[in-house]
$ cat upload36.txt   # compact mmCIF, C-alpha atoms and all ligand atoms
# COMPACT_ATOMS: atom_id res chain seq x y z
CA MET C 1 25.42 33.58 -34.75
CA LYS C 2 24.53 37.09 -33.71
CA LEU C 3 20.89 36.04 -33.32
CA ILE C 4 21.87 33.11 -31.12
CA ALA C 5 24.09 35.34 -28.98
CA LEU C 6 21.23 37.85 -28.61
CA ALA C 7 18.81 35.08 -27.65
CA LEU C 8 21.25 33.85 -24.99
CA CYS C 9 21.63 37.38 -23.62
CA LEU C 10 17.87 37.82 -23.44
CA ALA C 11 17.47 34.45 -21.73
CA ALA C 12 20.12 35.35 -19.20
CA GLY C 13 18.63 38.81 -18.72
CA SER C 14 15.12 37.52 -18.22
CA ALA C 15 16.43 35.04 -15.66
CA VAL C 16 17.84 37.95 -13.66
CA ILE C 17 14.60 39.93 -13.89
CA ASP C 18 12.54 36.90 -12.74
CA ASP C 19 14.86 36.23 -9.81
CA LYS C 20 12.57 37.27 -6.98
CA PRO C 21 13.95 37.57 -3.49
CA PRO C 22 13.21 34.44 -1.47
CA THR C 23 10.14 34.68 0.72
CA PRO C 24 11.15 34.84 4.37
CA LYS C 25 10.59 31.52 6.08
CA ALA C 26 8.85 31.14 9.40
CA PRO C 27 11.40 30.49 12.18
CA ALA C 28 12.11 26.79 12.70
CA PRO C 29 10.49 25.51 15.89
CA LEU C 30 13.08 25.49 18.62
CA VAL C 31 13.33 24.69 22.30
CA THR C 32 16.07 26.75 23.91
CA GLY C 33 17.23 27.28 27.43
CA LYS C 34 19.98 27.45 29.95
CA VAL C 35 21.01 25.20 32.82
CA LEU C 36 22.45 27.06 35.77
CA PHE C 37 24.09 26.00 38.99
CA ASP C 38 21.97 26.95 41.99
CA GLY C 39 24.25 28.39 44.64
CA LYS C 40 27.89 29.36 44.88
CA ARG C 41 29.88 27.81 42.07
CA PRO C 42 32.27 25.14 43.35
CA GLU C 43 35.92 25.63 42.38
CA PRO C 44 37.18 23.29 39.63
CA THR C 45 38.79 20.21 41.15
CA LYS C 46 42.20 18.82 40.20
CA LEU C 47 42.37 15.05 40.13
CA PRO C 48 45.47 13.25 41.41
CA ALA C 49 48.12 12.70 38.73
CA THR C 50 51.56 11.58 39.85
CA PRO C 51 54.62 12.52 37.73
CA GLU C 52 55.13 8.79 37.12
CA GLN C 53 51.56 8.37 35.77
CA ALA C 54 51.80 11.55 33.67
CA LYS C 55 55.14 10.60 32.11
CA GLY C 56 55.04 10.99 28.32
CA CYS C 57 51.57 12.57 28.26
CA CYS C 58 52.77 16.00 27.15
CA PRO C 59 55.87 17.50 25.50
CA GLU C 60 58.77 18.36 27.82
CA GLY C 61 58.00 21.35 30.01
CA GLN C 62 54.21 20.97 29.83
CA SER C 63 52.07 19.42 32.51
CA VAL C 64 49.01 17.29 32.08
CA ASP C 65 45.56 18.87 32.56
CA ALA C 66 44.05 16.78 35.32
CA THR C 67 41.14 19.16 35.97
CA ASP C 68 38.06 17.10 36.77
CA PRO C 69 36.00 17.28 33.55
CA ARG C 70 32.84 15.95 35.18
CA LEU C 71 31.64 19.24 36.62
CA VAL C 72 32.36 22.36 34.57
CA ILE C 73 30.60 25.57 35.57
CA ASP C 74 31.37 28.96 34.03
CA ASP C 75 31.62 32.28 35.89
CA LYS C 76 27.91 32.95 35.27
CA ASN C 77 26.96 29.58 36.76
CA GLY C 78 26.26 27.94 33.37
CA ILE C 79 26.73 24.17 33.60
CA ALA C 80 28.38 22.38 30.67
CA ASN C 81 27.55 18.88 29.48
CA VAL C 82 24.03 18.54 30.78
CA LEU C 83 22.11 16.06 28.64
CA VAL C 84 18.76 17.55 27.56
CA THR C 85 16.28 15.20 25.91
CA ILE C 86 12.70 15.25 24.67
CA GLN C 87 11.00 11.95 23.85
CA VAL C 88 8.37 11.89 21.11
CA ASP C 89 6.47 8.64 20.60
CA ALA C 90 7.43 6.78 17.43
CA VAL C 91 10.23 9.22 16.57
CA LYS C 92 13.54 7.45 17.06
CA ALA C 93 17.11 8.58 16.52
CA VAL C 94 18.89 7.20 13.49
CA PRO C 95 22.54 6.12 13.80
CA SER C 96 25.09 8.77 12.84
CA LYS C 97 26.18 8.43 9.17
CA THR C 98 29.78 9.05 10.16
CA ALA C 99 31.68 7.56 13.07
CA ILE C 100 31.68 9.59 16.27
CA VAL C 101 35.30 10.17 17.28
CA VAL C 102 36.67 10.45 20.80
CA ASP C 103 40.37 11.19 20.85
CA GLN C 104 42.95 10.75 23.57
CA LYS C 105 45.27 13.75 23.46
CA SER C 106 47.79 14.78 26.11
CA CYS C 107 46.15 12.15 28.32
CA VAL C 108 42.72 13.76 28.18
CA PHE C 109 39.65 12.35 26.41
CA GLU C 110 38.34 14.80 23.84
CA PRO C 111 35.51 15.48 24.06
CA HIS C 112 34.70 14.54 27.61
CA CYS C 113 31.01 14.09 26.89
CA THR C 114 29.36 12.86 23.69
CA ILE C 115 25.80 12.15 22.59
CA VAL C 116 25.62 8.88 20.68
CA PRO C 117 22.45 8.08 18.73
CA ALA C 118 21.83 4.36 19.43
CA GLY C 119 23.48 2.10 16.86
CA SER C 120 26.17 4.65 15.89
CA LYS C 121 29.84 3.75 15.50
CA VAL C 122 32.14 5.32 18.05
CA VAL C 123 35.87 5.39 17.30
CA PHE C 124 38.35 5.88 20.12
CA LYS C 125 41.71 7.17 18.88
CA ASN C 126 45.05 7.47 20.60
CA SER C 127 46.88 10.55 19.31
CA ASP C 128 49.47 10.35 22.09
CA THR C 129 52.88 8.73 22.22
CA VAL C 130 51.98 6.66 25.29
CA ASN C 131 49.66 3.69 25.72
CA HIS C 132 46.10 4.29 26.81
CA ASN C 133 43.48 1.88 27.97
CA VAL C 134 39.89 2.36 26.87
CA HIS C 135 37.98 0.92 29.79
CA ILE C 136 34.26 0.97 29.03
CA TYR C 137 31.86 0.72 31.93
CA ALA C 138 28.45 0.15 30.32
CA ARG C 139 25.20 -0.80 31.96
CA ARG C 140 23.01 -1.73 28.99
CA ASN C 141 25.73 -2.47 26.42
CA ASP C 142 28.89 -4.60 26.48
CA SER C 143 31.63 -3.42 28.80
CA SER C 144 35.21 -3.89 27.61
CA ASN C 145 38.80 -3.05 28.40
CA ASP C 146 41.24 -2.50 25.51
CA THR C 147 44.81 -1.32 25.64
CA MET C 148 45.40 1.13 22.82
CA ALA C 149 48.92 1.70 21.50
CA PRO C 150 50.02 5.15 20.26
CA GLY C 151 48.54 6.06 16.88
CA THR C 152 45.94 3.29 16.91
CA GLN C 153 42.15 3.37 17.12
CA LYS C 154 39.28 1.02 17.83
CA GLU C 155 35.64 1.05 16.84
CA TYR C 156 32.68 0.29 19.09
CA VAL C 157 28.92 0.15 18.46
CA PHE C 158 26.39 0.77 21.21
CA GLU C 159 22.88 -0.39 20.38
CA ASN C 160 21.08 0.29 23.65
CA THR C 161 20.34 3.54 25.41
CA ASP C 162 22.90 3.95 28.15
CA LYS C 163 25.11 6.27 30.11
CA ILE C 164 28.57 4.85 29.62
CA THR C 165 31.60 6.03 31.54
CA VAL C 166 35.00 5.43 30.00
CA GLY C 167 38.25 5.54 31.90
CA CYS C 168 41.92 4.77 31.37
CA ASP C 169 43.67 2.47 33.83
CA TYR C 170 47.08 4.07 33.13
CA HIS C 171 45.83 7.62 33.73
CA PRO C 172 43.14 7.59 36.42
CA TRP C 173 42.19 11.27 35.91
CA MET C 174 40.99 10.54 32.35
CA SER C 175 37.24 10.15 31.95
CA SER C 176 34.78 10.24 29.11
CA LEU C 177 31.03 9.88 29.01
CA LEU C 178 29.00 8.42 26.16
CA LEU C 179 25.30 9.19 26.33
CA VAL C 180 23.53 6.70 24.08
CA VAL C 181 20.08 8.05 23.22
CA ASP C 182 17.19 6.80 21.12
CA THR C 183 15.58 10.19 20.56
CA PRO C 184 16.71 12.62 17.88
CA TYR C 185 15.71 15.46 20.20
CA ALA C 186 18.81 15.54 22.37
CA ALA C 187 21.40 18.19 23.14
CA LEU C 188 24.31 18.84 25.44
CA THR C 189 24.62 22.17 27.15
CA LYS C 190 27.56 24.29 25.98
CA SER C 191 30.10 25.82 28.35
CA ASP C 192 27.67 28.66 29.20
CA GLY C 193 24.89 26.18 30.06
CA SER C 194 22.84 26.96 26.95
CA PHE C 195 21.14 24.40 24.74
CA LYS C 196 18.82 24.20 21.79
CA ILE C 197 16.74 21.40 20.36
CA GLU C 198 15.40 21.73 16.84
CA GLY C 199 12.92 19.92 14.64
CA LEU C 200 9.90 19.62 16.94
CA LYS C 201 6.35 20.54 15.99
CA PRO C 202 4.26 23.02 17.97
CA GLY C 203 3.04 21.41 21.18
CA THR C 204 3.83 20.83 24.83
CA TYR C 205 6.81 18.67 25.71
CA LYS C 206 8.42 17.20 28.79
CA VAL C 207 12.11 18.10 28.85
CA LYS C 208 14.41 15.80 30.80
CA LEU C 209 17.79 16.95 32.04
CA TRP C 210 20.60 14.81 33.42
CA HIS C 211 24.09 15.64 34.63
CA GLU C 212 26.68 13.10 35.72
CA THR C 213 27.35 14.57 39.14
CA LEU C 214 24.37 16.87 39.76
CA GLY C 215 21.58 14.46 38.84
CA ARG C 216 18.23 15.02 37.18
CA ALA C 217 15.65 17.71 36.57
CA GLU C 218 12.54 18.14 34.43
CA ALA C 219 10.92 21.07 32.71
CA GLU C 220 8.06 21.73 30.32
CA ALA C 221 8.51 23.40 26.95
CA VAL C 222 5.63 24.87 24.96
CA ILE C 223 6.18 25.53 21.26
CA GLN C 224 3.54 27.93 19.97
CA ALA C 225 1.79 27.55 16.61
CA ASP C 226 4.22 30.11 15.12
CA GLY C 227 7.20 27.95 16.17
CA THR C 228 8.37 30.16 19.01
CA SER C 229 8.86 29.06 22.59
CA ALA C 230 9.87 30.86 25.75
CA PRO C 231 13.49 30.03 26.71
CA LEU C 232 13.70 27.68 29.69
CA THR C 233 15.86 28.22 32.74
CA VAL C 234 16.60 25.13 34.78
CA LYS C 235 18.65 25.05 37.97
CA LEU C 236 20.66 22.15 39.32
CA SER C 237 22.51 22.00 42.61
CA GLU C 238 24.85 19.64 44.43
CA PRO C 239 22.96 16.53 45.46
CA LYS C 240 22.23 16.55 49.16
CA LYS C 241 24.58 14.27 51.02
CA LYS C 242 22.88 11.41 52.77
CA ASP C 243 23.50 11.07 56.52
CU CU C 301 45.45 6.97 29.33
$ encode --input "upload36.txt" --output "structure tokens"
Amino acid sequence: MKLIALALCLAAGSAVIDDKPPTPKAPAPLVTGKVLFDGKRPEPTKLPATPEQAKGCCPEGQSVDATDPRLVIDDKNGIANVLVTIQVDAVKAVPSKTAIVVDQKSCVFEPHCTIVPAGSKVVFKNSDTVNHNVHIYARRNDSSNDTMAPGTQKEYVFENTDKITVGCDYHPWMSSLLLVVDTPYAALTKSDGSFKIEGLKPGTYKVKLWHETLGRAEAEAVIQADGTSAPLTVKLSEPKKKD
């Protein structure tokens, strides 16, 4: 027994001695950047919400957040929810393994903006104590209009690339945006306007940017052989009003 115990100790000891520190890996190729508002930041807009419409949305004493979620700019001009995509031939997004959830809470869609790899399941939930109405305005998928009772949910599948707006007929300030993409190289800017896209090989890429009220822009990203790339800065401004 003693011999066996000694052998086990030696085996364990030798395992520790052979445990070399892992070799540092090269940084994963990454495209990073920031999307900034060009000009003086517009003040956040409040959408109309009558007391009658907002009834039951929030606990007593709290008021509904009817801030327009479509244009969110931070105090350093970073723009949230800009869709950033890179298309690579023959590389297509695979549907999400788990359902993508959009909740309705205190009469606000959460999140406002969601990337949906084509073919993924999207579940709309109603966590409120009032009825909502998931009104889907799609261009390249089926549109629909479903009343959703408190505590219920409904599943949708969107197969085609699209930019789908979702509203609620009971609460006209509510809006959600589903961005159905067929590329795995897609990101939404965070609240400070920053984004990152991983998994690309070294090379030169066209980067497309799209925002629901500010429109489109394009940039070029170059990933060097060592996987690094210079961070991009892209500016968007209010679309010029037509006369
Ligand atoms: Cu609603």
$ closest_atom_pairs --input "upload36.txt" --of "chain C" --to "ligand CU 301 (chain C)" --cutoff "12 Å" --atoms "only C-alpha atoms and all ligand atoms" --output "tab-separated table"
residue	atom	partner	partner_atom	distance
C:Ala49	CA	C:CU301	CU	11.3
C:Gln53	CA	C:CU301	CU	9.0
C:Ala54	CA	C:CU301	CU	9.0
C:Lys55	CA	C:CU301	CU	10.7
C:Gly56	CA	C:CU301	CU	10.4
C:Cys57	CA	C:CU301	CU	8.4
C:Cys58	CA	C:CU301	CU	11.8
C:Val64	CA	C:CU301	CU	11.3
C:Ala66	CA	C:CU301	CU	11.6
C:Asp103	CA	C:CU301	CU	10.7
C:Gln104	CA	C:CU301	CU	7.3
C:Lys105	CA	C:CU301	CU	9.0
C:Ser106	CA	C:CU301	CU	8.8
C:Cys107	CA	C:CU301	CU	5.3
C:Val108	CA	C:CU301	CU	7.4
C:Phe109	CA	C:CU301	CU	8.4
C:Glu110	CA	C:CU301	CU	11.9
C:Phe124	CA	C:CU301	CU	11.7
C:Lys125	CA	C:CU301	CU	11.1
C:Asn126	CA	C:CU301	CU	8.8
C:Ser127	CA	C:CU301	CU	10.7
C:Asp128	CA	C:CU301	CU	8.9
C:Thr129	CA	C:CU301	CU	10.4
C:Val130	CA	C:CU301	CU	7.7
C:Asn131	CA	C:CU301	CU	6.4
C:His132	CA	C:CU301	CU	3.7
C:Asn133	CA	C:CU301	CU	5.6
C:Val134	CA	C:CU301	CU	7.6
C:His135	CA	C:CU301	CU	9.6
C:Asp146	CA	C:CU301	CU	11.0
C:Thr147	CA	C:CU301	CU	9.1
C:Met148	CA	C:CU301	CU	8.7
C:Ala149	CA	C:CU301	CU	10.1
C:Pro150	CA	C:CU301	CU	10.3
C:Val166	CA	C:CU301	CU	10.6
C:Gly167	CA	C:CU301	CU	7.8
C:Cys168	CA	C:CU301	CU	4.6
C:Asp169	CA	C:CU301	CU	6.6
C:Tyr170	CA	C:CU301	CU	5.1
C:His171	CA	C:CU301	CU	4.5
C:Pro172	CA	C:CU301	CU	7.5
C:Trp173	CA	C:CU301	CU	8.5
C:Met174	CA	C:CU301	CU	6.5
C:Ser175	CA	C:CU301	CU	9.2
C:Ser176	CA	C:CU301	CU	11.2
$ residues_near_point --input "upload36.txt" --point "(19.0, 19.7, 27.5)" --cutoff "12 Å" --atoms "all atoms listed in the file" --output "ChimeraX atom specification"
/C:31-36,79-87,115,185-190,193-198,206-211,216-221,231-235
$ closest_residue --input "upload36.txt" --among "C:Thr67, C:Ser143, C:Ser229, C:Thr50" --to "Ile164 (chain C)" --atoms "all atoms listed in the file"
C:Ser143
$ closest_residue --input "upload36.txt" --among "C:Gln224, C:Val157, C:Thr152, C:Arg70" --to "Pro111 (chain C)" --atoms "only C-alpha atoms"
C:Arg70
$ atom_distance --input "upload36.txt" --atom1 "CA of Ala118 (chain C)" --atom2 "CA of Gly203 (chain C)"
25.4 Å
$ atom_distance --input "upload36.txt" --atom1 "CA of Leu71 (chain C)" --atom2 "CA of Val222 (chain C)"
29.1 Å
$ atom_distance --input "upload36.txt" --atom1 "CA of Pro117 (chain C)" --atom2 "CA of Pro95 (chain C)"
5.3 Å
$ closest_residue --input "upload36.txt" --among "C:Asp74, C:Glu159, C:Glu60, C:Asp142" --to "Arg41 (chain C)" --atoms "all atoms listed in the file"
C:Asp74
$ residues_around --input "upload36.txt" --residues "Thr228 (chain C)" --least-positions-apart "6" --cutoff "9 Å" --atoms "only C-alpha atoms" --output "PyMOL selection string"
chain C and resi 27-31+202+222
$ write_last_selection --input "upload36.txt" --atoms "C-alpha atoms" --output "mmCIF file, in the frame of the given file"
data_model
loop_
_atom_site.group_PDB
_atom_site.id
_atom_site.type_symbol
_atom_site.label_atom_id
_atom_site.label_comp_id
_atom_site.auth_asym_id
_atom_site.auth_seq_id
_atom_site.Cartn_x
_atom_site.Cartn_y
_atom_site.Cartn_z
ATOM 1 C CA PRO C 27 11.400 30.490 12.180
ATOM 2 C CA ALA C 28 12.110 26.790 12.700
ATOM 3 C CA PRO C 29 10.490 25.510 15.890
ATOM 4 C CA LEU C 30 13.080 25.490 18.620
ATOM 5 C CA VAL C 31 13.330 24.690 22.300
ATOM 6 C CA PRO C 202 4.260 23.020 17.970
ATOM 7 C CA VAL C 222 5.630 24.870 24.960
#
$ residues_around --input "upload36.txt" --residues "Lys163 (chain C)" --least-positions-apart "3" --cutoff "9 Å" --atoms "all atoms listed in the file" --output "mmCIF file with C-alpha atoms, in the frame of the given file"
data_model
loop_
_atom_site.group_PDB
_atom_site.id
_atom_site.type_symbol
_atom_site.label_atom_id
_atom_site.label_comp_id
_atom_site.auth_asym_id
_atom_site.auth_seq_id
_atom_site.Cartn_x
_atom_site.Cartn_y
_atom_site.Cartn_z
ATOM 1 C CA TYR C 137 31.860 0.720 31.930
ATOM 2 C CA ALA C 138 28.450 0.150 30.320
ATOM 3 C CA ARG C 139 25.200 -0.800 31.960
ATOM 4 C CA ARG C 140 23.010 -1.730 28.990
ATOM 5 C CA LEU C 177 31.030 9.880 29.010
ATOM 6 C CA LEU C 178 29.000 8.420 26.160
ATOM 7 C CA LEU C 179 25.300 9.190 26.330
ATOM 8 C CA VAL C 180 23.530 6.700 24.080
ATOM 9 C CA VAL C 181 20.080 8.050 23.220
ATOM 10 C CA GLU C 212 26.680 13.100 35.720
#
$ axis_aligned_box --input "upload36.txt" --around "region 164-181 of chain C" --padding-each-side "4 Å" --output "lines of an AutoDock Vina configuration file"
center_x = 33.6
center_y = 6.9
center_z = 29.8
size_x = 35.0
size_y = 16.8
size_z = 21.2
$ closest_residue --input "upload36.txt" --among "C:Ile100, C:Val72, C:Leu47, C:Ile136" --to "Leu214 (chain C)" --atoms "only C-alpha atoms"
C:Val72
$ decode --input "upload36.txt" --residues "region 134-166 of chain C" --atoms "N, CA and C atoms" --output "JSON list (two decimals), in the first residue's frame"
[["chain", "number", "residue", "atom", "x", "y", "z"],
["C", 134, "VAL", "N", -48.07, 42.98, -30.05],
["C", 134, "VAL", "CA", -46.82, 42.91, -30.80],
["C", 134, "VAL", "C", -47.15, 43.09, -32.28],
["C", 135, "HIS", "N", -46.93, 44.29, -32.75],
["C", 135, "HIS", "CA", -47.27, 44.61, -34.14],
["C", 135, "HIS", "C", -45.98, 44.66, -34.95],
["C", 136, "ILE", "N", -45.81, 43.65, -35.78],
["C", 136, "ILE", "CA", -44.56, 43.47, -36.53],
["C", 136, "ILE", "C", -44.71, 44.04, -37.93],
["C", 137, "TYR", "N", -43.86, 45.01, -38.22],
["C", 137, "TYR", "CA", -43.85, 45.62, -39.55],
["C", 137, "TYR", "C", -42.58, 45.15, -40.25],
["C", 138, "ALA", "N", -42.73, 44.06, -41.04],
["C", 138, "ALA", "CA", -41.57, 43.49, -41.74],
["C", 138, "ALA", "C", -41.63, 43.86, -43.21],
["C", 139, "ARG", "N", -40.49, 43.84, -43.84],
["C", 139, "ARG", "CA", -40.46, 44.10, -45.29],
["C", 139, "ARG", "C", -40.19, 42.82, -46.07],
["C", 140, "ARG", "N", -39.30, 41.96, -45.52],
["C", 140, "ARG", "CA", -38.91, 40.76, -46.26],
["C", 140, "ARG", "C", -39.29, 39.48, -45.51],
["C", 141, "ASN", "N", -40.08, 39.64, -44.45],
["C", 141, "ASN", "CA", -40.62, 38.51, -43.69],
["C", 141, "ASN", "C", -42.11, 38.77, -43.50],
["C", 142, "ASP", "N", -42.80, 37.85, -42.82],
["C", 142, "ASP", "CA", -44.24, 38.05, -42.60],
["C", 142, "ASP", "C", -44.47, 39.13, -41.54],
["C", 143, "SER", "N", -45.38, 40.04, -41.85],
["C", 143, "SER", "CA", -45.82, 40.98, -40.83],
["C", 143, "SER", "C", -46.95, 40.33, -40.05],
["C", 144, "SER", "N", -47.17, 40.78, -38.83],
["C", 144, "SER", "CA", -48.25, 40.19, -38.02],
["C", 144, "SER", "C", -48.64, 41.17, -36.92],
["C", 145, "ASN", "N", -49.73, 40.84, -36.25],
["C", 145, "ASN", "CA", -50.25, 41.74, -35.22],
["C", 145, "ASN", "C", -50.95, 40.87, -34.18],
["C", 146, "ASP", "N", -50.28, 40.66, -33.04],
["C", 146, "ASP", "CA", -50.79, 39.75, -32.01],
["C", 146, "ASP", "C", -50.97, 40.46, -30.69],
["C", 147, "THR", "N", -52.17, 40.35, -30.15],
["C", 147, "THR", "CA", -52.38, 40.85, -28.79],
["C", 147, "THR", "C", -51.77, 39.85, -27.82],
["C", 148, "MET", "N", -51.07, 40.36, -26.82],
["C", 148, "MET", "CA", -50.36, 39.50, -25.89],
["C", 148, "MET", "C", -50.81, 39.82, -24.46],
["C", 149, "ALA", "N", -51.47, 38.85, -23.85],
["C", 149, "ALA", "CA", -51.99, 39.04, -22.48],
["C", 149, "ALA", "C", -50.84, 39.03, -21.47],
["C", 150, "PRO", "N", -51.06, 39.61, -20.29],
["C", 150, "PRO", "CA", -50.00, 39.60, -19.26],
["C", 150, "PRO", "C", -49.48, 38.19, -19.00],
["C", 151, "GLY", "N", -48.15, 38.09, -18.88],
["C", 151, "GLY", "CA", -47.54, 36.80, -18.53],
["C", 151, "GLY", "C", -47.42, 35.82, -19.68],
["C", 152, "THR", "N", -47.83, 36.21, -20.88],
["C", 152, "THR", "CA", -47.74, 35.27, -22.00],
["C", 152, "THR", "C", -46.54, 35.61, -22.88],
["C", 153, "GLN", "N", -46.28, 34.73, -23.84],
["C", 153, "GLN", "CA", -45.21, 34.99, -24.80],
["C", 153, "GLN", "C", -45.54, 34.34, -26.14],
["C", 154, "LYS", "N", -44.85, 34.77, -27.16],
["C", 154, "LYS", "CA", -45.10, 34.21, -28.50],
["C", 154, "LYS", "C", -43.78, 34.16, -29.25],
["C", 155, "GLU", "N", -43.67, 33.08, -30.05],
["C", 155, "GLU", "CA", -42.40, 32.86, -30.76],
["C", 155, "GLU", "C", -42.55, 33.19, -32.24],
["C", 156, "TYR", "N", -41.54, 33.79, -32.79],
["C", 156, "TYR", "CA", -41.51, 34.14, -34.22],
["C", 156, "TYR", "C", -40.19, 33.65, -34.81],
["C", 157, "VAL", "N", -40.19, 33.36, -36.12],
["C", 157, "VAL", "CA", -38.94, 33.02, -36.81],
["C", 157, "VAL", "C", -38.85, 33.91, -38.05],
["C", 158, "PHE", "N", -37.71, 34.53, -38.21],
["C", 158, "PHE", "CA", -37.50, 35.40, -39.37],
["C", 158, "PHE", "C", -36.37, 34.81, -40.22],
["C", 159, "GLU", "N", -36.73, 34.41, -41.43],
["C", 159, "GLU", "CA", -35.76, 33.69, -42.27],
["C", 159, "GLU", "C", -34.96, 34.63, -43.17],
["C", 160, "ASN", "N", -35.53, 35.79, -43.47],
["C", 160, "ASN", "CA", -34.88, 36.66, -44.47],
["C", 160, "ASN", "C", -34.27, 37.89, -43.82],
["C", 161, "THR", "N", -33.17, 38.33, -44.40],
["C", 161, "THR", "CA", -32.55, 39.55, -43.87],
["C", 161, "THR", "C", -33.57, 40.68, -43.94],
["C", 162, "ASP", "N", -33.58, 41.50, -42.91],
["C", 162, "ASP", "CA", -34.65, 42.50, -42.82],
["C", 162, "ASP", "C", -34.32, 43.50, -41.72],
["C", 163, "LYS", "N", -35.01, 44.61, -41.78],
["C", 163, "LYS", "CA", -34.98, 45.56, -40.67],
["C", 163, "LYS", "C", -36.44, 45.72, -40.25],
["C", 164, "ILE", "N", -36.79, 45.09, -39.14],
["C", 164, "ILE", "CA", -38.18, 44.95, -38.74],
["C", 164, "ILE", "C", -38.47, 45.88, -37.56],
["C", 165, "THR", "N", -39.45, 46.76, -37.75],
["C", 165, "THR", "CA", -39.85, 47.57, -36.60],
["C", 165, "THR", "C", -41.05, 46.89, -35.94],
["C", 166, "VAL", "N", -41.10, 47.00, -34.63],
["C", 166, "VAL", "CA", -42.17, 46.39, -33.86],
["C", 166, "VAL", "C", -42.77, 47.48, -32.97]]
